[in-house]
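K.L.:
Questions regarding the structure given below will be posed in turn.
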Amino acid sequence: MNDRSHREGRAGRRVWRWRVACVAAAGAAAVLVAGCAGSGATAERDDPSSAPAPSFGATQRAAYLESFDEVWRIVRDQHYDENLNGVDWAAAREDLRPRVEAADSADEARGAMSALLGRLGESHFAIIPAEAYRTLDNATDEPEASPETREANGASDDRASSDRASGDGASREESSRERAATSGPRPVGWHGVQVRERDGAFVVTRLEPGSPAEAKGLRTGDVVERIGQSELAPLLEASRRAAESGPSRAETVAAIFAEGRLDGRAGDVRHLTVRGEDGATRELKFELTDEAGRELQMMQLPPMATRFATRDLGGGVAYLTFTAFLDPTRIMPKYTQALETLIDTHADDGALVIDLRGNLGGLMPMVSGMSGWLVDESASFGELRIRGTTLRPRANPQWETFRGPVAVLIDEVSISSAEIMAAGLQDIGRARLFGTRTAGLALPSQFVRLPSGDGLQFVFADYVRSNGVRLESEGVRPDEEIRDRPSSGDPDPVLSAAMAWIQAERARAQGAR
């Protein structure tokens, strides 16, 4: 087993939890845009701390050879570009299939398939190990790992989520009975923290009201220096290396890596070393709670949890946020109720803030359904270019619509369907965008299971905005870029900028009456 095949063989083991955290499901009849799964090239990060996987037998090797051939065929037949971005696909097969034939472990075979997909240089291609489809109860019951190992793991599939208590300035709580519907004995844990790279440091840019981390003294603007025994600073360089070999930008990878160290199951304890705006260092400890969104498995996707929360910001301004465009039977009624309440209570005098920061994407039909509450007439949301045809998704008006100002908050971990919703509303002039540039990971994809038991995420379409700009790699640029670090005086500069615009819009509308 040569060094190259061993390194690539470890690839699937190192990155599958990052991918599982970022991907979404698709049905046969649904158009999907999934989250931030990277290309196979992303997997080629060295991880000297990983031990080789055990050998496997002839039966397993045969299953992986069959899987390799199926991956090769699916991409050849279903990729939106029949020329496969100029890649010599036959030569790629001849080059990489022998690695599966010589593989001594499932990880090595997966590494060869990941390398095959990596030749395309696009997002939303991934090999998802069969382990990702199993209960992940013990995912965080292991000793604190080194930065290199945690770099490899990235974000877990247990992305924190919550529906908090109702009332002015607080989120509405989802019942504990609903939260109990998880894939294992311990529910997905909730910490309520978003961490982003700002000026070369990992900064807390957002805290959910009443979250475990906030309750123990974490504040927006704090610099997170250490989680457990691991320094976070090395992740900045690791993120840059990962971005060089894949489609994701370094700031997106950095955020996912950092938050991945916080994610876990309810009952897990996190120890943080943080530096406040006064320069003083302090130690914090908090326990992840079970106040997370319902965990479910859709189609061929490993289990994920999705949360939805609303807040009343006062003065007729409603705020809503959700972690992914998934679980439509639960999320869409909550969104509908929030819009109906806003319309009934404030009509056109109200305002809406949709916070898509950290939203990992999902089902594109949910984008159309949600946006339909904000338009008076059918509006184009770009084009999905599939081999041999073009689909033109639209936002069609619901039975009643909200006509007041709409602000959308975005950042470098707003991915896929979150990017499409933000771009669509921006292109038709229905919303103003605040924050930072989105991830630019927006290729529609699907999932299938392979003979080996692993999953394959593959791209079948390209997405082009209604203004003619391709969304992949470019992302969505906000109307007002806000990179200011939060502080005690302004704990959320992005939200503050959105509120200032809303007030200006109201003043302008009143002056025109």
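By convention in this document, the chains of the structure tokens carry letters A, B, ... by their order, each chain's residues are numbered from 1, and ligands are numbered from 1 in the order they are shown.
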Which residues of segment 205-255 of chain A sit at most 12 Å from segment 481-499 of chain A, using only C-alpha atoms? Give each one's shortest atom pair and distance in Å (one decimal place), in chain and ascending residue order, as CSV.

P.N.:
residue,atom,partner,partner_atom,distance
A:Thr205,CA,A:Pro486,CA,6.2
A:Arg206,CA,A:Asp492,CA,6.8
A:Leu207,CA,A:Pro491,CA,9.0
A:Glu208,CA,A:Asp492,CA,11.2
A:Pro209,CA,A:Pro491,CA,11.6
A:Leu218,CA,A:Ser488,CA,11.6
A:Arg219,CA,A:Pro491,CA,8.0
A:Thr220,CA,A:Pro486,CA,5.7
A:Gly221,CA,A:Pro486,CA,4.4
A:Asp222,CA,A:Ser487,CA,8.2
A:Val223,CA,A:Arg485,CA,10.0

K.L.:
Of the candidates A:Gly468, A:Gly362, A:Gly57, A:Pro393, which one gets nearest to Pro444 of chain A if we count only C-alpha atoms?

P.N.:
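With only C-alpha atoms as the atom set, the closest residue is A:Gly362.
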
K.L.:
Which value, in Å to one decimal, gives the distance between atom CA of Glu237 of chain A and atom CA of Ala254 of chain A?

P.N.:
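Between these atoms lies a distance of 8.9 Å.
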
K.L.:
As an exercise, work out the distance from atom CA of Phe458 of chain A to atom CA of Val476 of chain A in Å and give it to one decimal place.

P.N.:
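Atom CA of Val476 of chain A lies at a distance of 22.5 Å from atom CA of Phe458 of chain A.
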
K.L.:
So that each row is one residue of segment 314-426 of chain A with an atom at most 9 Å from segment 77-86 of chain A, can you give its shortest atom pair and the distance in Å to one decimal, using only C-alpha atoms, rows by chain and rising number, as JSON lines?

P.N.:
{"residue": "A:Arg385", "atom": "CA", "partner": "A:Tyr80", "partner_atom": "CA", "distance": 6.7}
{"residue": "A:Ile386", "atom": "CA", "partner": "A:Tyr80", "partner_atom": "CA", "distance": 4.8}
{"residue": "A:Arg387", "atom": "CA", "partner": "A:Tyr80", "partner_atom": "CA", "distance": 4.4}
{"residue": "A:Gly388", "atom": "CA", "partner": "A:Tyr80", "partner_atom": "CA", "distance": 8.1}

K.L.:
Take the residues from that selection and put them in a file with C-alpha atoms, as a tab-separated table (two decimals), in the first residue's frame.

P.N.:
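Listed below is the output, result-v7.tsv:
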chain	number	residue	atom	x	y	z
A	385	ARG	CA	-29.59	23.58	-16.39
A	386	ILE	CA	-29.86	19.83	-16.70
A	387	ARG	CA	-28.40	17.79	-19.53
A	388	GLY	CA	-30.85	18.13	-22.40
